[in-house]
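Undergrad: One structure coming up, written as structure tokens, with questions to follow.
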Amino acid sequence: MTSRTTSATSCAPRRPSWPASPWPTDHLPNLTGVTTSPTFRSLANPNYRLYAAGGVVSNTGTWMQRVAQDWLVLQLAGSAGGTALGITTGLQFLPFLIFTPLAGVVADRMPKQRLLQLTNLGMAVPAVALAGLALTGAAELWHVYVLAFLLGTASAFDAPARQSFVSELVDPTDLSNAVGLNSASFNAARLVGPGLAGLLIAALGGGVSATGWVIAFNAVSYAAPIWTLRRLDAGLLDSPALVERRRGAVLEGVAYVRARPDLVLVLAIVFFAGTFGLNFQITSALMATEVFGKGAGEFGLLGSFLAIGSLTGALLAARRPVVRLRLVVGSALVFGATVFLAGTMPTYVTFAVLTPLTGLSALTLITSANTYMQLNTEAGVRGRVMALYLMVFMGGTPVGAPLIGWIGEEWGARWTLLGGGLLTIGGVALAGLAFLGRGRLTLTAVPAPSSLVPRVWDDQAIARAQK
């Protein structure tokens with residue numbers, strides 16, 4: 001038997017293998033022997049197809065609850081809605097900062113198929129509790145805060161396992177496609193979920209109890225991924241050997257990333273974008289209610305408009321054969337610019353028209369950064385690396401969300417977007433200058449190393465590799 005180790009080279013895949021095809025290619029062999037479109041080729045894999053189906057249902061419920069939870073906070077907080085939204089969002093993402101390093105170790109130690117079933121159950125419990133409180137009219141603001149933190153805790157353990165599990169479902173040549181399709185599924189749900197939630201809340205009276213029915217749907221939706229995960233064919237999973245329990249596992253993941261300037265650059269970029277730019281839950285709510293004087297229906301529709309661009313970006317990402325650092329940097333700068341421009345829009349209609357472009361640039365940034373991290377990280381340490389990625393990407397929200405909410409109350413809702421866009425552009429520019437301008441990194445990568453000792457990604461190393 002193969003001994004347990006963190007080295008990817010010691011893990012013999014249990015899934016049937018096929019010859020690697022150089023990118024780009026239009027038609028790849030797949031598990032069913034059916035030729036598929038390059039955009040949807042990962043769906044030829046029966047495990048991925050089943051996994052994706054469960055995700056569509058759960059993602060729709062997730063987006064419905066996001067709108068319902070935000071509207072519930074606005075109903076309970078009254079004039080202090082901006083600050084309350086910021087606190088709620090911050091508490092929901094705070095566990096990513098606290099628990100994600102541990103969650104990455106757990107993801108490398110436990111079978112991810114089993115772990116994901118437990119985390120989905122863990123996310124369903126606070127949703128059931130919040131739905132019950134809202135439906136009975138007993139909900140108070142502190143209830144939302146506590147349950148948002150508990151939901152975020154389960155999500156913090158779910159995310160690293162879910163992100164790295166994709167590489168066990170599909171062949172490495174299809175990983176970029178699968179990540180893009182995952183984003184497409186998430187944003188297809190975003191296209192339907194927020195608008196549906198807003199319409200349901202409005203139809204049910206727009207009060208606290210109306211949000212409870214929407215949140216209850218989300219609680220039930222977690223049954224879909226739990227069921228589909230149980231139905232996966234374990235013999236087709238390409239699972240790496242589990243990491244043994246030992247001291248220093250978290251620090252090993254940190255050391256791996258620190259020795260890779262390219263990964264550090266990606267982390268710096270997603271920190272600024274995630275902390276200051278990706279606060280649509282707050283900015284859309286404040287713009288819809290305070291600037292344009294709209295209700296729950298129009299607020300929910302903004303999420304659907306955003307999803308039009310996000311879904312387009314996800315489908316484009318699924319077709320993209322190669323992800324380079326220049327795409328991560330460029331998409332982050334474009335995203336920051338669109339956030340800033342959104343803050344200047346004079347009417348609800350012009351704001352809504354620009355929203356798809358914001359979604360497109362945001363999704364391009366998210367998928368390119370995610371794919372780059374997974375494709376250029378070894379299997380044995382991938383759970384911990386993706387945990388660090390998520391900690392940086394989402395861990396800034398507990399700082400950024402309350403700050404953005406406070407800015408909205410003190411300076412006006414428009415400055416949540418104007419300030420967020422400027423901070424994103426400035427942060428990405430500084431990160432690019434720090435890592436690119438000093439010659440520490442090149443935008444053209446050599447193949448990933450075959451052991452946990454990473455290759456030095458400087459110009460001399462590349463020159464040696466090309467000899």
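Ligands are numbered from 1 in the order shown, residues from 1 within each chain, and chains are lettered A, B, ... in the order they appear in the structure tokens.
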Write out as a JSON list (two decimals) with N, CA, C and O atoms, in the first residue's frame all residues of range 315-377 of chain A that backbone DSSP assigns to alpha helix (DSSP H).
TA:
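Output contents, as saved in out_28.json:
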```json
[["chain", "number", "residue", "atom", "x", "y", "z"],
["A", 315, "LEU", "N", -18.78, 31.47, -17.80],
["A", 315, "LEU", "CA", -18.77, 30.66, -19.02],
["A", 315, "LEU", "C", -17.53, 30.96, -19.87],
["A", 315, "LEU", "O", -16.96, 30.05, -20.49],
["A", 316, "LEU", "N", -17.12, 32.21, -19.90],
["A", 316, "LEU", "CA", -15.87, 32.54, -20.60],
["A", 316, "LEU", "C", -14.68, 31.87, -19.91],
["A", 316, "LEU", "O", -13.76, 31.39, -20.57],
["A", 317, "ALA", "N", -14.71, 31.84, -18.58],
["A", 317, "ALA", "CA", -13.62, 31.19, -17.84],
["A", 317, "ALA", "C", -13.58, 29.70, -18.12],
["A", 317, "ALA", "O", -12.50, 29.09, -18.17],
["A", 318, "ALA", "N", -14.75, 29.08, -18.31],
["A", 318, "ALA", "CA", -14.79, 27.65, -18.60],
["A", 318, "ALA", "C", -14.15, 27.33, -19.94],
["A", 318, "ALA", "O", -13.63, 26.23, -20.14],
["A", 319, "ARG", "N", -14.16, 28.26, -20.88],
["A", 319, "ARG", "CA", -13.54, 28.04, -22.19],
["A", 319, "ARG", "C", -12.06, 28.39, -22.20],
["A", 319, "ARG", "O", -11.35, 28.04, -23.14],
["A", 325, "LEU", "N", -0.83, 35.04, -14.88],
["A", 325, "LEU", "CA", -0.84, 36.08, -13.87],
["A", 325, "LEU", "C", -1.32, 37.41, -14.42],
["A", 325, "LEU", "O", -1.98, 38.18, -13.71],
["A", 326, "ARG", "N", -1.02, 37.69, -15.67],
["A", 326, "ARG", "CA", -1.44, 38.97, -16.24],
["A", 326, "ARG", "C", -2.96, 39.09, -16.26],
["A", 326, "ARG", "O", -3.50, 40.18, -16.15],
["A", 327, "LEU", "N", -3.66, 37.96, -16.41],
["A", 327, "LEU", "CA", -5.12, 37.98, -16.38],
["A", 327, "LEU", "C", -5.63, 38.31, -14.97],
["A", 327, "LEU", "O", -6.58, 39.07, -14.81],
["A", 328, "VAL", "N", -4.98, 37.74, -13.95],
["A", 328, "VAL", "CA", -5.38, 38.02, -12.57],
["A", 328, "VAL", "C", -5.20, 39.51, -12.26],
["A", 328, "VAL", "O", -6.10, 40.16, -11.72],
["A", 329, "VAL", "N", -4.05, 40.06, -12.63],
["A", 329, "VAL", "CA", -3.76, 41.47, -12.36],
["A", 329, "VAL", "C", -4.70, 42.38, -13.16],
["A", 329, "VAL", "O", -5.31, 43.31, -12.61],
["A", 330, "GLY", "N", -4.83, 42.12, -14.44],
["A", 330, "GLY", "CA", -5.65, 42.97, -15.30],
["A", 330, "GLY", "C", -7.11, 42.97, -14.91],
["A", 330, "GLY", "O", -7.76, 44.03, -14.87],
["A", 331, "SER", "N", -7.65, 41.79, -14.62],
["A", 331, "SER", "CA", -9.07, 41.72, -14.26],
["A", 331, "SER", "C", -9.33, 42.42, -12.93],
["A", 331, "SER", "O", -10.41, 43.00, -12.73],
["A", 332, "ALA", "N", -8.36, 42.39, -12.01],
["A", 332, "ALA", "CA", -8.53, 43.09, -10.73],
["A", 332, "ALA", "C", -8.60, 44.60, -10.93],
["A", 332, "ALA", "O", -9.40, 45.29, -10.30],
["A", 333, "LEU", "N", -7.75, 45.14, -11.82],
["A", 333, "LEU", "CA", -7.77, 46.57, -12.09],
["A", 333, "LEU", "C", -9.08, 46.99, -12.77],
["A", 333, "LEU", "O", -9.67, 48.02, -12.42],
["A", 334, "VAL", "N", -9.54, 46.18, -13.72],
["A", 334, "VAL", "CA", -10.81, 46.49, -14.39],
["A", 334, "VAL", "C", -11.96, 46.43, -13.40],
["A", 334, "VAL", "O", -12.87, 47.27, -13.41],
["A", 335, "PHE", "N", -11.92, 45.44, -12.51],
["A", 335, "PHE", "CA", -12.97, 45.32, -11.51],
["A", 335, "PHE", "C", -13.02, 46.56, -10.61],
["A", 335, "PHE", "O", -14.09, 47.12, -10.35],
["A", 336, "GLY", "N", -11.87, 47.00, -10.13],
["A", 336, "GLY", "CA", -11.84, 48.20, -9.30],
["A", 336, "GLY", "C", -12.41, 49.41, -10.02],
["A", 336, "GLY", "O", -13.12, 50.23, -9.42],
["A", 337, "ALA", "N", -12.10, 49.52, -11.31],
["A", 337, "ALA", "CA", -12.61, 50.66, -12.09],
["A", 337, "ALA", "C", -14.13, 50.61, -12.23],
["A", 337, "ALA", "O", -14.81, 51.64, -12.14],
["A", 338, "THR", "N", -14.69, 49.41, -12.45],
["A", 338, "THR", "CA", -16.15, 49.31, -12.60],
["A", 338, "THR", "C", -16.87, 49.60, -11.28],
["A", 338, "THR", "O", -17.96, 50.19, -11.29],
["A", 339, "VAL", "N", -16.26, 49.20, -10.15],
["A", 339, "VAL", "CA", -16.86, 49.51, -8.84],
["A", 339, "VAL", "C", -16.90, 51.03, -8.65],
["A", 339, "VAL", "O", -17.91, 51.59, -8.20],
["A", 340, "PHE", "N", -15.81, 51.70, -8.99],
["A", 340, "PHE", "CA", -15.77, 53.16, -8.86],
["A", 340, "PHE", "C", -16.82, 53.81, -9.75],
["A", 340, "PHE", "O", -17.55, 54.71, -9.31],
["A", 341, "LEU", "N", -16.92, 53.36, -11.00],
["A", 341, "LEU", "CA", -17.90, 53.94, -11.92],
["A", 341, "LEU", "C", -19.33, 53.72, -11.44],
["A", 341, "LEU", "O", -20.20, 54.59, -11.63],
["A", 342, "ALA", "N", -19.58, 52.57, -10.80],
["A", 342, "ALA", "CA", -20.93, 52.30, -10.29],
["A", 342, "ALA", "C", -21.35, 53.36, -9.28],
["A", 342, "ALA", "O", -22.54, 53.73, -9.21],
["A", 348, "TYR", "N", -31.22, 54.67, -10.90],
["A", 348, "TYR", "CA", -31.29, 53.22, -10.67],
["A", 348, "TYR", "C", -31.07, 52.46, -11.97],
["A", 348, "TYR", "O", -30.40, 51.43, -11.98],
["A", 349, "VAL", "N", -31.63, 52.95, -13.07],
["A", 349, "VAL", "CA", -31.51, 52.26, -14.35],
["A", 349, "VAL", "C", -30.05, 52.22, -14.80],
["A", 349, "VAL", "O", -29.55, 51.16, -15.21],
["A", 350, "THR", "N", -29.34, 53.35, -14.75],
["A", 350, "THR", "CA", -27.94, 53.35, -15.18],
["A", 350, "THR", "C", -27.08, 52.50, -14.24],
["A", 350, "THR", "O", -26.15, 51.83, -14.68],
["A", 351, "PHE", "N", -27.41, 52.51, -12.96],
["A", 351, "PHE", "CA", -26.69, 51.66, -12.01],
["A", 351, "PHE", "C", -26.90, 50.18, -12.35],
["A", 351, "PHE", "O", -25.95, 49.39, -12.36],
["A", 352, "ALA", "N", -28.15, 49.83, -12.65],
["A", 352, "ALA", "CA", -28.46, 48.44, -12.99],
["A", 352, "ALA", "C", -27.80, 48.03, -14.31],
["A", 352, "ALA", "O", -27.35, 46.89, -14.46],
["A", 353, "VAL", "N", -27.71, 48.95, -15.27],
["A", 353, "VAL", "CA", -27.09, 48.64, -16.56],
["A", 353, "VAL", "C", -25.60, 48.36, -16.40],
["A", 353, "VAL", "O", -25.04, 47.48, -17.07],
["A", 354, "LEU", "N", -24.93, 49.09, -15.51],
["A", 354, "LEU", "CA", -23.50, 48.88, -15.28],
["A", 354, "LEU", "C", -23.22, 47.63, -14.46],
["A", 354, "LEU", "O", -22.13, 47.04, -14.54],
["A", 355, "THR", "N", -24.21, 47.19, -13.68],
["A", 355, "THR", "CA", -24.00, 46.07, -12.76],
["A", 355, "THR", "C", -23.50, 44.80, -13.45],
["A", 355, "THR", "O", -22.61, 44.12, -12.92],
["A", 356, "PRO", "N", -24.01, 44.40, -14.63],
["A", 356, "PRO", "CA", -23.47, 43.19, -15.28],
["A", 356, "PRO", "C", -21.98, 43.29, -15.59],
["A", 356, "PRO", "O", -21.25, 42.29, -15.49],
["A", 357, "LEU", "N", -21.50, 44.48, -15.99],
["A", 357, "LEU", "CA", -20.07, 44.65, -16.26],
["A", 357, "LEU", "C", -19.25, 44.45, -14.99],
["A", 357, "LEU", "O", -18.17, 43.85, -15.01],
["A", 358, "THR", "N", -19.79, 44.94, -13.87],
["A", 358, "THR", "CA", -19.12, 44.73, -12.59],
["A", 358, "THR", "C", -19.06, 43.25, -12.27],
["A", 358, "THR", "O", -18.04, 42.73, -11.82],
["A", 359, "GLY", "N", -20.16, 42.54, -12.51],
["A", 359, "GLY", "CA", -20.18, 41.10, -12.27],
["A", 359, "GLY", "C", -19.23, 40.35, -13.16],
["A", 359, "GLY", "O", -18.55, 39.40, -12.71],
["A", 360, "LEU", "N", -19.12, 40.75, -14.43],
["A", 360, "LEU", "CA", -18.21, 40.11, -15.37],
["A", 360, "LEU", "C", -16.76, 40.26, -14.92],
["A", 360, "LEU", "O", -16.00, 39.28, -14.89],
["A", 361, "SER", "N", -16.37, 41.46, -14.55],
["A", 361, "SER", "CA", -14.98, 41.68, -14.14],
["A", 361, "SER", "C", -14.68, 40.99, -12.81],
["A", 361, "SER", "O", -13.60, 40.44, -12.61],
["A", 362, "ALA", "N", -15.66, 41.00, -11.89],
["A", 362, "ALA", "CA", -15.45, 40.35, -10.61],
["A", 362, "ALA", "C", -15.27, 38.85, -10.79],
["A", 362, "ALA", "O", -14.38, 38.23, -10.18],
["A", 363, "LEU", "N", -16.11, 38.25, -11.62],
["A", 363, "LEU", "CA", -16.04, 36.81, -11.80],
["A", 363, "LEU", "C", -14.77, 36.40, -12.54],
["A", 363, "LEU", "O", -14.16, 35.36, -12.24],
["A", 364, "THR", "N", -14.33, 37.23, -13.49],
["A", 364, "THR", "CA", -13.07, 36.94, -14.18],
["A", 364, "THR", "C", -11.91, 36.93, -13.19],
["A", 364, "THR", "O", -11.04, 36.05, -13.22],
["A", 365, "LEU", "N", -11.91, 37.90, -12.29],
["A", 365, "LEU", "CA", -10.87, 37.95, -11.26],
["A", 365, "LEU", "C", -10.95, 36.72, -10.35],
["A", 365, "LEU", "O", -9.93, 36.05, -10.10],
["A", 366, "ILE", "N", -12.13, 36.40, -9.87],
["A", 366, "ILE", "CA", -12.27, 35.30, -8.90],
["A", 366, "ILE", "C", -11.88, 33.96, -9.52],
["A", 366, "ILE", "O", -11.13, 33.18, -8.93],
["A", 367, "THR", "N", -12.39, 33.66, -10.72],
["A", 367, "THR", "CA", -12.10, 32.37, -11.34],
["A", 367, "THR", "C", -10.64, 32.26, -11.75],
["A", 367, "THR", "O", -10.04, 31.19, -11.62],
["A", 368, "SER", "N", -10.06, 33.33, -12.26],
["A", 368, "SER", "CA", -8.66, 33.26, -12.68],
["A", 368, "SER", "C", -7.74, 33.08, -11.47],
["A", 368, "SER", "O", -6.79, 32.29, -11.52],
["A", 369, "ALA", "N", -8.02, 33.78, -10.38],
["A", 369, "ALA", "CA", -7.20, 33.62, -9.17],
["A", 369, "ALA", "C", -7.35, 32.23, -8.59],
["A", 369, "ALA", "O", -6.37, 31.57, -8.22],
["A", 370, "ASN", "N", -8.59, 31.75, -8.51],
["A", 370, "ASN", "CA", -8.85, 30.42, -7.96],
["A", 370, "ASN", "C", -8.18, 29.34, -8.79],
["A", 370, "ASN", "O", -7.51, 28.43, -8.26],
["A", 371, "THR", "N", -8.36, 29.41, -10.10],
["A", 371, "THR", "CA", -7.78, 28.40, -10.99],
["A", 371, "THR", "C", -6.27, 28.42, -10.93],
["A", 371, "THR", "O", -5.62, 27.37, -10.90],
["A", 372, "TYR", "N", -5.69, 29.62, -10.92],
["A", 372, "TYR", "CA", -4.23, 29.71, -10.88],
["A", 372, "TYR", "C", -3.69, 29.06, -9.61],
["A", 372, "TYR", "O", -2.70, 28.32, -9.65],
["A", 373, "MET", "N", -4.32, 29.31, -8.47],
["A", 373, "MET", "CA", -3.86, 28.74, -7.22],
["A", 373, "MET", "C", -3.93, 27.21, -7.25],
["A", 373, "MET", "O", -3.01, 26.52, -6.80],
["A", 374, "GLN", "N", -5.02, 26.66, -7.79],
["A", 374, "GLN", "CA", -5.17, 25.20, -7.79],
["A", 374, "GLN", "C", -4.23, 24.53, -8.79],
["A", 374, "GLN", "O", -3.62, 23.50, -8.49],
["A", 375, "LEU", "N", -4.12, 25.10, -9.99],
["A", 375, "LEU", "CA", -3.30, 24.47, -11.02],
["A", 375, "LEU", "C", -1.81, 24.52, -10.70],
["A", 375, "LEU", "O", -1.04, 23.71, -11.20]]
```
Undergrad: Could you give me, as a ChimeraX atom specification, the residues within 10 Å of Tyr222 in chain A, counting only C-alpha atoms and dropping anything in the same chain fewer than 5 positions from it?
TA: /A:54-55,57-59,61-62,117,119-125,127,217,227
Undergrad: Would you output that residue set with all heavy atoms, as a short mmCIF file (atom, residue, chain, number, x, y, z; two decimals), in the first residue's frame?
TA:
```cif
data_model
loop_
_atom_site.label_atom_id
_atom_site.label_comp_id
_atom_site.auth_asym_id
_atom_site.auth_seq_id
_atom_site.Cartn_x
_atom_site.Cartn_y
_atom_site.Cartn_z
N GLY A 54 -26.26 19.01 -7.54
CA GLY A 54 -26.56 19.34 -6.16
C GLY A 54 -26.18 20.77 -5.84
O GLY A 54 -26.87 21.45 -5.06
N GLY A 55 -25.10 21.25 -6.45
CA GLY A 55 -24.66 22.60 -6.21
C GLY A 55 -25.62 23.65 -6.70
O GLY A 55 -25.78 24.71 -6.08
N VAL A 57 -28.91 23.56 -6.80
CA VAL A 57 -30.02 23.71 -5.87
C VAL A 57 -29.57 24.48 -4.62
O VAL A 57 -30.22 25.43 -4.17
CB VAL A 57 -30.58 22.33 -5.47
CG1 VAL A 57 -31.70 22.48 -4.44
CG2 VAL A 57 -31.09 21.60 -6.70
N SER A 58 -28.43 24.05 -4.05
CA SER A 58 -27.94 24.68 -2.83
C SER A 58 -27.55 26.14 -3.07
O SER A 58 -27.82 27.01 -2.23
CB SER A 58 -26.74 23.90 -2.29
OG SER A 58 -26.23 24.49 -1.12
N ASN A 59 -26.91 26.42 -4.20
CA ASN A 59 -26.51 27.79 -4.50
C ASN A 59 -27.71 28.72 -4.64
O ASN A 59 -27.66 29.89 -4.22
CB ASN A 59 -25.67 27.82 -5.78
CG ASN A 59 -24.30 27.23 -5.59
OD1 ASN A 59 -23.76 27.20 -4.48
ND2 ASN A 59 -23.71 26.74 -6.68
N GLY A 61 -30.57 28.43 -3.08
CA GLY A 61 -31.01 28.71 -1.72
C GLY A 61 -30.09 29.68 -1.01
O GLY A 61 -30.54 30.55 -0.25
N THR A 62 -28.79 29.55 -1.23
CA THR A 62 -27.82 30.44 -0.59
C THR A 62 -28.05 31.89 -0.99
O THR A 62 -28.06 32.80 -0.15
CB THR A 62 -26.39 30.01 -0.96
OG1 THR A 62 -26.14 28.71 -0.42
CG2 THR A 62 -25.36 30.99 -0.39
N GLN A 117 -20.25 16.58 3.36
CA GLN A 117 -21.57 16.25 3.85
C GLN A 117 -21.80 16.85 5.23
O GLN A 117 -22.87 17.39 5.53
CB GLN A 117 -21.75 14.74 3.90
CG GLN A 117 -21.75 14.06 2.53
CD GLN A 117 -21.86 12.56 2.63
OE1 GLN A 117 -22.82 12.03 3.18
NE2 GLN A 117 -20.88 11.84 2.11
N THR A 119 -20.23 19.51 6.55
CA THR A 119 -20.28 20.97 6.51
C THR A 119 -21.61 21.48 5.96
O THR A 119 -22.12 22.51 6.42
CB THR A 119 -19.12 21.54 5.69
OG1 THR A 119 -19.15 20.99 4.36
CG2 THR A 119 -17.78 21.22 6.34
N ASN A 120 -22.19 20.77 5.01
CA ASN A 120 -23.51 21.18 4.50
C ASN A 120 -24.57 21.04 5.59
O ASN A 120 -25.46 21.89 5.71
CB ASN A 120 -23.89 20.36 3.27
CG ASN A 120 -23.33 20.93 1.99
OD1 ASN A 120 -23.90 21.85 1.42
ND2 ASN A 120 -22.21 20.40 1.54
N LEU A 121 -24.47 19.99 6.38
CA LEU A 121 -25.38 19.85 7.51
C LEU A 121 -25.16 20.97 8.52
O LEU A 121 -26.13 21.53 9.06
CB LEU A 121 -25.17 18.49 8.17
CG LEU A 121 -26.05 18.17 9.38
CD1 LEU A 121 -27.53 18.17 8.98
CD2 LEU A 121 -25.66 16.82 9.99
N GLY A 122 -23.90 21.33 8.74
CA GLY A 122 -23.59 22.41 9.66
C GLY A 122 -24.11 23.75 9.20
O GLY A 122 -24.47 24.62 10.02
N MET A 123 -24.20 23.98 7.89
CA MET A 123 -24.75 25.23 7.38
C MET A 123 -26.27 25.25 7.42
O MET A 123 -26.89 26.31 7.51
CB MET A 123 -24.26 25.47 5.95
CG MET A 123 -22.78 25.82 5.87
SD MET A 123 -22.19 26.23 4.20
CE MET A 123 -22.17 24.62 3.41
N ALA A 124 -26.89 24.07 7.37
CA ALA A 124 -28.35 23.99 7.40
C ALA A 124 -28.91 24.35 8.77
O ALA A 124 -29.98 24.95 8.87
CB ALA A 124 -28.80 22.59 7.00
N VAL A 125 -28.19 23.99 9.84
CA VAL A 125 -28.71 24.18 11.20
C VAL A 125 -28.97 25.66 11.52
O VAL A 125 -30.08 26.01 11.97
CB VAL A 125 -27.76 23.55 12.24
CG1 VAL A 125 -28.17 23.92 13.65
CG2 VAL A 125 -27.75 22.03 12.07
N ALA A 127 -29.50 28.06 9.48
CA ALA A 127 -30.56 28.53 8.60
C ALA A 127 -31.93 28.14 9.14
O ALA A 127 -32.88 28.93 9.10
CB ALA A 127 -30.36 27.96 7.19
N PHE A 217 -36.44 28.00 2.82
CA PHE A 217 -36.12 27.30 1.57
C PHE A 217 -34.63 26.98 1.50
O PHE A 217 -34.24 25.89 1.08
CB PHE A 217 -36.54 28.14 0.36
CG PHE A 217 -36.15 27.52 -0.96
CD1 PHE A 217 -36.97 26.58 -1.56
CD2 PHE A 217 -34.95 27.86 -1.58
CE1 PHE A 217 -36.59 25.98 -2.76
CE2 PHE A 217 -34.57 27.26 -2.78
CZ PHE A 217 -35.41 26.33 -3.37
N TRP A 227 -27.14 14.72 -0.50
CA TRP A 227 -27.58 13.51 -1.22
C TRP A 227 -26.66 13.20 -2.39
O TRP A 227 -26.27 12.05 -2.59
CB TRP A 227 -29.02 13.71 -1.70
CG TRP A 227 -29.57 12.51 -2.41
CD1 TRP A 227 -30.09 11.38 -1.86
CD2 TRP A 227 -29.68 12.34 -3.84
NE1 TRP A 227 -30.50 10.51 -2.84
CE2 TRP A 227 -30.25 11.07 -4.06
CE3 TRP A 227 -29.33 13.13 -4.93
CZ2 TRP A 227 -30.50 10.57 -5.33
CZ3 TRP A 227 -29.57 12.64 -6.20
CH2 TRP A 227 -30.15 11.38 -6.40
#
```
Undergrad: Kindly indicate which residue among A:Leu133, A:Met394, A:Leu175, A:Ile87 lies nearest to Val322 in chain A, using only C-alpha atoms for the distances.
TA: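 Using only C-alpha atoms, the shortest distance to Val322 in chain A belongs to A:Leu175.
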Undergrad: So how many Å separate CA of Gly132 in chain A and CA of Gly205 in chain A, to one decimal?
TA: 17.4 Å
Undergrad: Using only C-alpha atoms, which residues sit within 7 Å of Pro160 in chain A once same-chain residues fewer than 5 positions away are excluded, as a ChimeraX atom specification?
TA: /A:103-104,107,383,386-387
Undergrad: For the residues in the current selection, export N, CA, C and O atoms as a compact mmCIF listing (two decimals), in the first residue's frame.
TA:
```
# COMPACT_ATOMS: atom_id res chain seq x y z
N ALA A 103 -9.13 24.62 9.05
CA ALA A 103 -10.00 23.95 8.08
C ALA A 103 -9.19 23.37 6.93
O ALA A 103 -9.52 22.29 6.40
N GLY A 104 -8.10 24.04 6.53
CA GLY A 104 -7.25 23.51 5.47
C GLY A 104 -6.57 22.22 5.89
O GLY A 104 -6.44 21.28 5.09
N ALA A 107 -9.13 19.51 5.78
CA ALA A 107 -9.41 19.12 4.40
C ALA A 107 -8.35 18.18 3.84
O ALA A 107 -8.65 17.31 3.01
N GLY A 383 -5.17 21.54 -0.02
CA GLY A 383 -6.19 21.94 0.94
C GLY A 383 -5.73 23.10 1.79
O GLY A 383 -6.47 24.06 2.03
N MET A 386 -5.34 26.33 -0.42
CA MET A 386 -6.64 26.93 -0.72
C MET A 386 -7.27 27.53 0.54
O MET A 386 -8.03 28.51 0.46
N ALA A 387 -6.96 26.95 1.70
CA ALA A 387 -7.44 27.54 2.95
C ALA A 387 -6.82 28.92 3.17
O ALA A 387 -7.50 29.86 3.57
```
Undergrad: I'd like to know which of A:Tyr51, A:Arg41, A:Phe292, A:Pro46 is closest to Pro225 in chain A, using only C-alpha atoms.
TA: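 Looking at the shortest contact to Pro225 in chain A, the residue is A:Tyr51.
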Undergrad: Tell me, as a VMD selection string, which residues lie within 9 Å of range 191-202 of chain A, counting only C-alpha atoms; anything in the same chain fewer than 6 positions away does not count.
TA: chain A and resid 59 to 68 71 208 to 211 213 to 214 295 to 308 310 to 311
Undergrad: Considering only C-alpha atoms, state which residue in the set A:Leu76, A:Ala219, A:Phe157, A:Gly400 is at the smallest distance from Gly277 in chain A.
TA: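 Among the listed residues, A:Gly400 lies closest to Gly277 in chain A.
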Undergrad: Please identify every residue of range 70-136 of chain A that has at least one atom no farther than 12 Å from an atom of range 416-424 of chain A, counting only C-alpha atoms, and for each give the shortest atom pair and the distance in Å to one decimal, arranged by chain then increasing number, as a Markdown table.
TA:
```
| residue | atom | partner | partner_atom | distance |
| --- | --- | --- | --- | --- |
| A:Gly82 | CA | A:Thr416 | CA | 10.3 |
| A:Thr83 | CA | A:Thr416 | CA | 12.0 |
| A:Gly86 | CA | A:Thr416 | CA | 11.2 |
```
Undergrad: Produce a file of the selected residues containing all heavy atoms, as a CSV table (one decimal), in the first residue's frame.
TA:
```csv
chain,number,residue,atom,x,y,z
A,82,GLY,N,-27.1,50.5,7.7
A,82,GLY,CA,-25.8,50.3,7.1
A,82,GLY,C,-24.8,49.7,8.0
A,82,GLY,O,-24.1,48.8,7.6
A,83,THR,N,-24.7,50.2,9.2
A,83,THR,CA,-23.8,49.6,10.2
A,83,THR,C,-24.1,48.2,10.5
A,83,THR,O,-23.3,47.3,10.6
A,83,THR,CB,-23.8,50.5,11.5
A,83,THR,OG1,-23.4,51.8,11.1
A,83,THR,CG2,-22.8,49.9,12.5
A,86,GLY,N,-23.1,45.9,7.8
A,86,GLY,CA,-21.7,45.7,7.8
A,86,GLY,C,-21.3,44.7,8.9
A,86,GLY,O,-20.4,43.8,8.7
```
